[in-house]
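Engineer: Got input16.csv for you, CSV, C-alpha atoms:
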```
chain,number,residue,atom,x,y,z
A,29,MET,CA,150.9,-64.8,-111.8
A,30,LEU,CA,148.0,-63.0,-110.2
A,31,LEU,CA,145.7,-64.8,-112.6
A,32,LEU,CA,147.2,-68.2,-111.6
A,33,SER,CA,146.4,-67.3,-107.9
A,34,GLU,CA,142.9,-66.2,-108.8
A,35,ARG,CA,142.3,-69.4,-110.7
A,36,GLU,CA,142.3,-71.1,-107.3
A,37,ASP,CA,139.4,-69.0,-106.1
A,38,ARG,CA,137.1,-68.4,-109.0
A,39,ASP,CA,136.2,-69.6,-112.5
A,40,LEU,CA,138.1,-67.6,-115.0
A,41,SER,CA,136.3,-66.0,-117.9
A,42,ALA,CA,136.7,-67.5,-121.3
A,43,LYS,CA,138.9,-64.7,-122.3
A,44,GLU,CA,141.2,-65.2,-119.3
A,45,VAL,CA,141.3,-69.0,-119.9
A,46,ARG,CA,142.3,-68.3,-123.6
A,47,PHE,CA,145.0,-65.9,-122.4
A,48,LEU,CA,146.4,-68.3,-120.0
A,49,ALA,CA,146.5,-71.1,-122.6
A,50,ARG,CA,148.3,-69.0,-125.1
A,51,HIS,CA,150.7,-67.8,-122.4
A,52,ARG,CA,151.5,-71.3,-121.3
A,53,GLU,CA,152.6,-72.2,-124.8
A,54,VAL,CA,155.2,-69.5,-124.9
A,55,CYS,CA,156.2,-69.3,-121.2
A,56,PRO,CA,157.3,-72.7,-119.6
A,57,GLU,CA,158.3,-70.8,-116.4
A,58,CYS,CA,154.6,-69.8,-115.8
A,59,GLU,CA,153.5,-73.3,-116.6
A,60,SER,CA,155.8,-74.8,-114.1
A,61,GLN,CA,154.8,-72.1,-111.5
A,62,GLU,CA,151.1,-73.0,-112.1
A,63,SER,CA,151.8,-76.6,-111.6
A,64,SER,CA,153.8,-76.1,-108.4
A,65,MET,CA,151.3,-73.8,-106.9
A,66,HIS,CA,148.5,-76.3,-107.6
A,67,CYS,CA,150.5,-79.0,-105.9
A,68,SER,CA,151.6,-77.0,-102.9
A,69,LEU,CA,148.0,-75.8,-102.3
A,70,ASN,CA,146.7,-79.3,-102.6
A,71,MET,CA,149.2,-80.4,-100.0
A,72,LEU,CA,148.1,-77.6,-97.8
A,73,ARG,CA,144.4,-78.5,-98.1
A,74,ALA,CA,145.2,-82.2,-97.5
A,75,ALA,CA,146.8,-81.2,-94.2
A,76,THR,CA,143.6,-79.7,-92.8
A,77,ILE,CA,142.9,-80.8,-89.3
A,78,ASP,CA,139.3,-81.7,-88.6
A,79,VAL,CA,139.2,-82.5,-84.9
A,80,GLU,CA,136.4,-82.5,-82.4
A,81,PRO,CA,136.8,-81.0,-78.9
A,82,ALA,CA,137.7,-83.3,-76.0
A,83,ALA,CA,134.8,-84.9,-74.1
A,84,HIS,CA,135.0,-82.6,-71.1
A,85,PHE,CA,135.4,-79.4,-73.1
A,86,ASP,CA,131.9,-78.1,-72.3
A,87,GLU,CA,132.0,-79.0,-68.6
A,88,ARG,CA,135.4,-77.4,-68.2
A,89,LEU,CA,134.3,-74.3,-70.0
A,90,ILE,CA,131.0,-73.9,-68.1
A,91,ARG,CA,133.0,-74.3,-64.8
A,92,ARG,CA,135.4,-71.5,-66.0
A,93,VAL,CA,132.5,-69.3,-67.0
A,94,LYS,CA,130.9,-69.7,-63.5
A,95,ILE,CA,134.3,-68.9,-61.8
A,96,GLN,CA,134.6,-65.9,-64.1
A,97,ARG,CA,131.1,-64.7,-63.1
A,98,VAL,CA,131.9,-65.1,-59.4
A,99,LYS,CA,135.1,-63.1,-59.9
A,100,GLU,CA,133.3,-60.4,-61.8
A,101,SER,CA,130.6,-60.1,-59.1
A,102,LEU,CA,133.3,-59.9,-56.5
A,103,SER,CA,135.2,-57.3,-58.3
A,104,TYR,CA,131.9,-55.4,-58.7
A,105,TRP,CA,131.0,-55.5,-55.0
A,106,THR,CA,134.5,-55.3,-53.6
A,107,PRO,CA,134.8,-51.4,-53.6
A,108,GLY,CA,131.4,-51.1,-51.9
A,109,LEU,CA,132.2,-53.7,-49.3
A,110,ILE,CA,135.6,-52.1,-48.6
A,111,GLY,CA,133.8,-48.7,-48.3
A,112,CYS,CA,131.3,-50.2,-45.9
A,113,ALA,CA,134.1,-51.8,-43.8
A,114,VAL,CA,136.1,-48.5,-43.7
A,115,ALA,CA,132.9,-46.6,-42.7
A,116,ALA,CA,132.2,-49.1,-39.9
A,117,ILE,CA,135.7,-48.9,-38.6
A,118,ALA,CA,135.5,-45.1,-38.6
A,119,ILE,CA,132.2,-45.1,-36.7
A,120,PHE,CA,133.5,-47.6,-34.2
A,121,ALA,CA,136.7,-45.6,-33.7
A,122,THR,CA,134.7,-42.4,-33.2
A,123,LEU,CA,132.4,-44.0,-30.7
A,124,HIS,CA,135.4,-45.4,-28.9
A,125,VAL,CA,137.1,-42.0,-28.7
A,126,LEU,CA,133.9,-40.4,-27.4
A,127,THR,CA,133.4,-43.0,-24.8
A,128,LEU,CA,137.0,-42.4,-23.5
A,129,ASN,CA,136.4,-38.7,-23.3
A,130,VAL,CA,133.2,-39.2,-21.3
A,131,GLN,CA,135.1,-41.4,-18.9
A,132,LYS,CA,137.9,-38.9,-18.5
A,133,GLY,CA,135.3,-36.1,-18.0
A,134,SER,CA,133.7,-37.9,-15.1
A,135,VAL,CA,136.7,-37.2,-12.8
A,136,VAL,CA,136.4,-33.4,-13.2
A,137,LEU,CA,132.8,-32.6,-12.8
A,138,PRO,CA,131.5,-29.1,-12.6
A,139,ALA,CA,130.9,-27.7,-9.1
A,140,GLY,CA,127.5,-28.0,-7.6
A,141,GLU,CA,126.8,-31.3,-9.3
A,142,ALA,CA,125.7,-34.2,-7.2
A,143,ARG,CA,128.3,-36.7,-6.6
A,144,ARG,CA,128.2,-40.2,-5.4
A,145,GLY,CA,130.7,-41.8,-3.1
A,146,PRO,CA,132.2,-40.8,0.2
A,147,THR,CA,133.1,-37.3,-1.0
A,148,ALA,CA,129.8,-36.8,-2.7
A,149,PHE,CA,127.7,-37.3,0.4
A,150,PRO,CA,128.7,-35.1,3.3
A,151,SER,CA,128.6,-36.9,6.6
A,152,LEU,CA,125.7,-36.1,8.9
A,153,GLU,CA,127.2,-33.9,11.6
A,154,LEU,CA,124.8,-34.9,14.4
A,155,SER,CA,127.0,-33.4,17.1
A,156,ARG,CA,126.2,-30.0,15.6
A,157,LEU,CA,122.5,-30.4,16.1
A,158,PRO,CA,121.1,-28.5,19.0
A,159,HIS,CA,120.5,-30.6,22.0
A,160,PHE,CA,117.2,-30.2,23.8
A,161,ASP,CA,116.9,-31.5,27.3
A,162,ARG,CA,113.5,-32.7,28.4
B,1,MET,CA,128.5,-82.8,-73.9
B,2,PHE,CA,125.3,-80.9,-74.4
B,3,ASP,CA,122.9,-81.9,-77.1
B,4,VAL,CA,121.5,-78.8,-78.7
B,5,ALA,CA,118.6,-80.7,-80.3
B,6,LYS,CA,117.4,-81.9,-77.0
B,7,ILE,CA,117.9,-78.7,-75.2
B,8,SER,CA,116.1,-76.5,-77.7
B,9,GLN,CA,112.6,-77.9,-78.1
B,10,GLN,CA,111.3,-75.0,-80.1
B,11,VAL,CA,111.8,-75.1,-83.8
B,12,LEU,CA,113.3,-71.8,-84.8
B,13,ASP,CA,115.7,-70.8,-87.5
B,14,PRO,CA,119.3,-70.8,-86.3
B,15,VAL,CA,119.7,-67.0,-86.4
B,16,SER,CA,116.6,-66.3,-84.2
B,17,GLN,CA,117.5,-69.2,-82.0
B,18,GLU,CA,120.9,-67.9,-81.4
B,19,ARG,CA,119.6,-64.4,-80.8
B,20,GLN,CA,117.3,-65.9,-78.1
B,21,TRP,CA,120.2,-67.8,-76.5
B,22,VAL,CA,122.4,-64.7,-76.4
B,23,GLY,CA,119.6,-62.7,-74.8
B,24,ARG,CA,119.1,-65.5,-72.2
B,25,CYS,CA,122.8,-66.0,-71.7
B,26,ARG,CA,123.1,-62.3,-70.8
B,27,LEU,CA,120.6,-62.8,-68.0
B,28,GLY,CA,122.7,-65.7,-66.7
B,29,ASP,CA,120.8,-68.7,-68.2
B,30,GLU,CA,123.1,-71.7,-68.1
B,31,THR,CA,121.1,-73.7,-70.6
B,32,ALA,CA,121.5,-71.0,-73.2
B,33,LEU,CA,125.2,-70.8,-72.4
B,34,ALA,CA,125.5,-74.6,-73.0
B,35,CYS,CA,123.6,-74.3,-76.2
B,36,LEU,CA,125.9,-71.5,-77.5
B,37,ILE,CA,128.9,-73.5,-76.6
B,38,ALA,CA,127.6,-76.7,-78.2
B,39,ARG,CA,126.8,-74.8,-81.4
B,40,HIS,CA,130.2,-73.1,-81.9
B,41,ARG,CA,132.8,-75.4,-80.2
B,42,ASN,CA,133.5,-77.6,-83.1
B,43,ARG,CA,134.1,-74.8,-85.6
B,44,LEU,CA,136.2,-72.8,-83.1
B,45,VAL,CA,138.4,-75.8,-82.2
B,46,ARG,CA,138.9,-76.8,-85.8
B,47,THR,CA,139.9,-73.3,-86.9
B,48,ALA,CA,142.2,-72.9,-84.0
B,49,SER,CA,143.8,-76.3,-84.7
B,50,ASN,CA,144.4,-75.4,-88.3
B,51,LEU,CA,145.9,-72.1,-87.4
B,52,LEU,CA,148.0,-73.3,-84.4
B,53,ARG,CA,148.6,-76.8,-85.6
B,54,ASP,CA,148.2,-78.0,-82.0
B,55,ARG,CA,145.0,-79.6,-80.8
B,56,HIS,CA,145.5,-78.9,-77.1
B,57,GLU,CA,146.5,-75.3,-77.6
B,58,ALA,CA,143.5,-74.9,-80.0
B,59,GLU,CA,141.2,-76.1,-77.2
B,60,ASP,CA,142.7,-73.6,-74.8
B,61,VAL,CA,142.3,-70.8,-77.3
B,62,ALA,CA,138.7,-71.8,-78.1
B,63,GLN,CA,137.9,-71.7,-74.3
B,64,GLU,CA,139.6,-68.3,-73.9
B,65,ALA,CA,137.5,-67.0,-76.9
B,66,PHE,CA,134.3,-68.3,-75.3
B,67,LEU,CA,135.2,-66.7,-71.9
B,68,LYS,CA,136.1,-63.4,-73.5
B,69,ALA,CA,132.9,-63.4,-75.6
B,70,PHE,CA,130.7,-64.2,-72.6
B,71,ARG,CA,132.5,-61.6,-70.5
B,72,GLU,CA,131.7,-59.0,-73.2
B,73,ILE,CA,128.2,-60.3,-74.1
B,74,ALA,CA,126.5,-57.4,-72.3
B,75,LYS,CA,128.3,-54.9,-74.5
B,76,LEU,CA,127.2,-56.7,-77.7
B,77,ARG,CA,124.9,-54.4,-79.6
B,78,ASP,CA,123.5,-56.9,-82.0
B,79,ASP,CA,122.7,-60.4,-80.7
B,80,ARG,CA,122.9,-61.8,-84.2
B,81,ALA,CA,126.5,-60.8,-84.4
B,82,PHE,CA,127.6,-63.1,-81.6
B,83,SER,CA,129.0,-65.9,-83.8
B,84,GLY,CA,131.1,-63.6,-86.0
B,85,TYR,CA,132.3,-61.8,-82.8
B,86,LEU,CA,133.2,-65.1,-81.2
B,87,TYR,CA,135.0,-66.4,-84.3
B,88,ARG,CA,136.9,-63.1,-84.6
B,89,ILE,CA,138.1,-63.3,-81.0
B,90,CYS,CA,139.3,-66.8,-81.6
B,91,VAL,CA,141.3,-65.9,-84.8
B,92,ARG,CA,142.7,-62.9,-83.0
B,93,LEU,CA,143.8,-65.0,-80.0
B,94,CYS,CA,145.4,-67.5,-82.5
B,95,MET,CA,147.3,-64.7,-84.2
B,96,ASP,CA,148.6,-63.4,-80.9
B,97,ARG,CA,149.9,-66.9,-80.1
B,98,LEU,CA,151.4,-67.3,-83.5
B,99,ARG,CA,153.3,-64.0,-83.1
B,100,LEU,CA,154.7,-65.3,-79.8
B,101,LYS,CA,155.6,-68.6,-81.3
B,102,ARG,CA,157.2,-67.0,-84.3
B,103,ALA,CA,159.4,-64.9,-82.0
B,104,GLU,CA,160.4,-68.1,-80.2
B,105,LEU,CA,161.0,-69.9,-83.5
B,106,VAL,CA,163.4,-67.1,-84.8
B,107,GLU,CA,165.4,-67.3,-81.6
B,108,PHE,CA,165.5,-71.1,-81.8
B,109,ASP,CA,166.5,-71.1,-85.5
B,110,SER,CA,169.3,-68.8,-84.9
B,111,ALA,CA,170.7,-71.1,-82.2
B,112,GLN,CA,170.1,-74.4,-84.0
B,113,PRO,CA,170.3,-74.6,-87.8
B,114,HIS,CA,167.8,-76.8,-89.7
B,115,GLN,CA,168.7,-80.5,-90.1
B,116,GLY,CA,168.0,-82.3,-93.3
B,117,GLY,CA,165.9,-85.5,-93.7
B,118,THR,CA,162.5,-86.6,-95.1
B,119,VAL,CA,159.5,-85.8,-93.0
B,120,GLU,CA,155.7,-86.4,-93.4
B,121,ASN,CA,153.5,-84.1,-95.3
B,122,ARG,CA,151.8,-82.7,-92.2
B,123,VAL,CA,155.1,-81.9,-90.5
B,124,VAL,CA,156.4,-80.3,-93.7
B,125,ILE,CA,153.2,-78.2,-94.0
B,126,GLU,CA,153.6,-77.1,-90.3
B,127,LYS,CA,157.2,-76.1,-90.9
B,128,LEU,CA,156.3,-74.2,-94.0
B,129,LEU,CA,153.4,-72.4,-92.4
B,130,ALA,CA,155.6,-71.5,-89.4
B,131,GLN,CA,157.9,-69.6,-91.8
B,132,LEU,CA,155.2,-67.3,-93.1
B,133,PRO,CA,154.4,-64.0,-91.3
B,134,THR,CA,151.3,-64.3,-89.0
B,135,GLU,CA,149.0,-62.2,-91.3
B,136,LEU,CA,149.8,-64.2,-94.4
B,137,ARG,CA,149.6,-67.5,-92.6
B,138,THR,CA,146.2,-66.7,-91.1
B,139,THR,CA,144.8,-65.5,-94.5
B,140,LEU,CA,146.1,-68.6,-96.2
B,141,VAL,CA,144.7,-71.0,-93.6
B,142,LEU,CA,141.3,-69.3,-93.4
B,143,ARG,CA,140.9,-69.3,-97.2
B,144,GLU,CA,142.5,-72.7,-98.1
B,145,MET,CA,141.7,-74.8,-95.1
B,146,GLU,CA,138.6,-73.2,-93.6
B,147,GLN,CA,137.2,-72.4,-97.1
B,148,LEU,CA,136.1,-68.9,-96.1
B,149,SER,CA,135.2,-66.4,-98.8
B,150,TYR,CA,137.3,-63.2,-99.3
B,151,GLU,CA,134.6,-61.2,-97.6
B,152,GLU,CA,134.5,-63.5,-94.5
B,153,VAL,CA,138.3,-63.4,-94.2
B,154,ALA,CA,138.2,-59.6,-94.5
B,155,GLU,CA,135.5,-59.3,-91.8
B,156,ILE,CA,137.3,-61.6,-89.4
B,157,MET,CA,140.7,-59.9,-89.9
B,158,ARG,CA,139.2,-56.4,-90.1
B,159,VAL,CA,140.9,-55.5,-93.3
B,160,PRO,CA,139.5,-54.5,-96.8
B,161,VAL,CA,138.8,-57.3,-99.3
B,162,GLY,CA,141.5,-55.9,-101.5
B,163,THR,CA,144.1,-56.5,-98.7
B,164,VAL,CA,142.9,-60.1,-98.4
B,165,ARG,CA,143.3,-60.6,-102.1
B,166,SER,CA,146.8,-59.2,-102.1
B,167,ARG,CA,147.8,-61.0,-98.9
B,168,LEU,CA,146.5,-64.3,-100.3
B,169,HIS,CA,148.4,-63.9,-103.5
B,170,THR,CA,151.6,-63.1,-101.6
B,171,ALA,CA,151.0,-66.0,-99.1
B,172,ARG,CA,150.4,-68.5,-101.9
B,173,GLU,CA,153.5,-67.4,-103.8
B,174,ARG,CA,155.7,-67.6,-100.7
B,175,PHE,CA,154.2,-70.9,-99.7
B,176,ARG,CA,154.9,-72.3,-103.1
B,177,LYS,CA,158.5,-71.2,-103.0
B,178,LEU,CA,159.0,-72.7,-99.6
B,179,TRP,CA,157.3,-75.9,-100.7
B,180,ILE,CA,159.6,-76.2,-103.7
B,181,GLU,CA,162.6,-75.7,-101.4
B,182,ALA,CA,161.3,-78.4,-99.0
B,183,VAL,CA,160.6,-80.8,-101.8
B,184,GLY,CA,164.0,-80.1,-103.3
B,185,GLU,CA,165.6,-81.1,-100.0
```
Spit out the file's structure as structure tokens when you get a sec.

Structural biologist:
Amino acid sequence: MLLLSEREDRDLSAKEVRFLARHREVCPECESQESSMHCSLNMLRAATIDVEPAAHFDERLIRRVKIQRVKESLSYWTPGLIGCAVAAIAIFATLHVLTLNVQKGSVVLPAGEARRGPTAFPSLELSRLPHFDR
Amino acid sequence: MFDVAKISQQVLDPVSQERQWVGRCRLGDETALACLIARHRNRLVRTASNLLRDRHEAEDVAQEAFLKAFREIAKLRDDRAFSGYLYRICVRLCMDRLRLKRAELVEFDSAQPHQGGTVENRVVIEKLLAQLPTELRTTLVLREMEQLSYEEVAEIMRVPVGTVRSRLHTARERFRKLWIEAVGE
């Protein structure tokens, strides 16, 4: 049986051909198997599909390749971009917090520091100046 | 459609030409990409059609194979191996689809028994092939329809040549028995 299958792929040697011929004479079962295998394989070969791709196959594929490349570059840069965004948010938040602290700190200034506003500038007490008569 | 002959003005042997295209494609050259597609599309679609017995599905699989190959092109060690690599991906994808289909077929068959009646040769062949296990079916189609050598089938399916020989023998025998049953009906 193996020889029958191999006969489909290669030229059998003279010895193998003789063996098969002798065997066929005494074994009708193998002869029928050989014939049915030949027929079935011919049917199979006849059913081969030989189609060409559709007209827009290339365009469609190139478009998909481009989309794939964009997606790949996005997925490559996304972690970096997210990292940058997080760092920027962190810097902004830190600056904001610092600014708030500075604003709060301006209410309680250390003593001796010059201050603006009505409390910062003592009123000129002119009445306490010595009066000189001419 | 892209015309390879027009695009490639230089007269190079196909292997060096392909190696050049693969190198350029890796750098993002669209012309090289189009050339590679134009060179391999017909073979890929034909093989996928014979394996899946469905033209539209075959085109989908061929496109997927191209996409996967282009995605992995940077990892390819030998540029000359591109065509084999692409073909292997395509056959693998077809086998995956066949396994899924086969699972569906088994469920369908258990729910609805076969109905008798004469059908055309192609439909009979499709039915018979659908009853073979994926590995046997793929080996049979690659050898009988695609006319590949044992070595080529072995390389594509990543199995030893001896395995291909034994699978082919089993596949032919099972196909013959199925065919006799179908013809007997």

Engineer: Kindly provide, as a ChimeraX atom specification, the residues of chain A having any atom no farther than 12 Å from an atom of chain B, counting all atoms listed in the file.

Structural biologist: /A:29-38,60-101

Engineer: At what distance in Å, to one decimal, does atom CA of A:Gly111 lie from atom CA of A:His124?

Structural biologist: 19.7 Å

Engineer: Compare B:Asp79, B:Glu120, B:Glu72, B:Asp96 by their minimum atom-to-atom distance to B:Trp21, counting all atoms listed in the file, and give me the closest one.

Structural biologist: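 Comparing B:Asp79, B:Glu120, B:Glu72, B:Asp96 against B:Trp21, the winner is B:Asp79.
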
Engineer: For B:Ala81, please output as a ChimeraX atom specification all residues within 10 Å (counting all atoms listed in the file; exclusion window: fewer than 3 positions along the same chain).

Structural biologist: /B:15,18-19,22,76-78,84-86

Engineer: Tell me, in Å to one decimal, how far atom CA of B:Arg102 is from atom CA of B:Cys90.

Structural biologist: 18.1 Å

Engineer: So how far away is atom CA of B:Ala65 from atom CA of B:Ile89, in Å?

Structural biologist: 5.6 Å
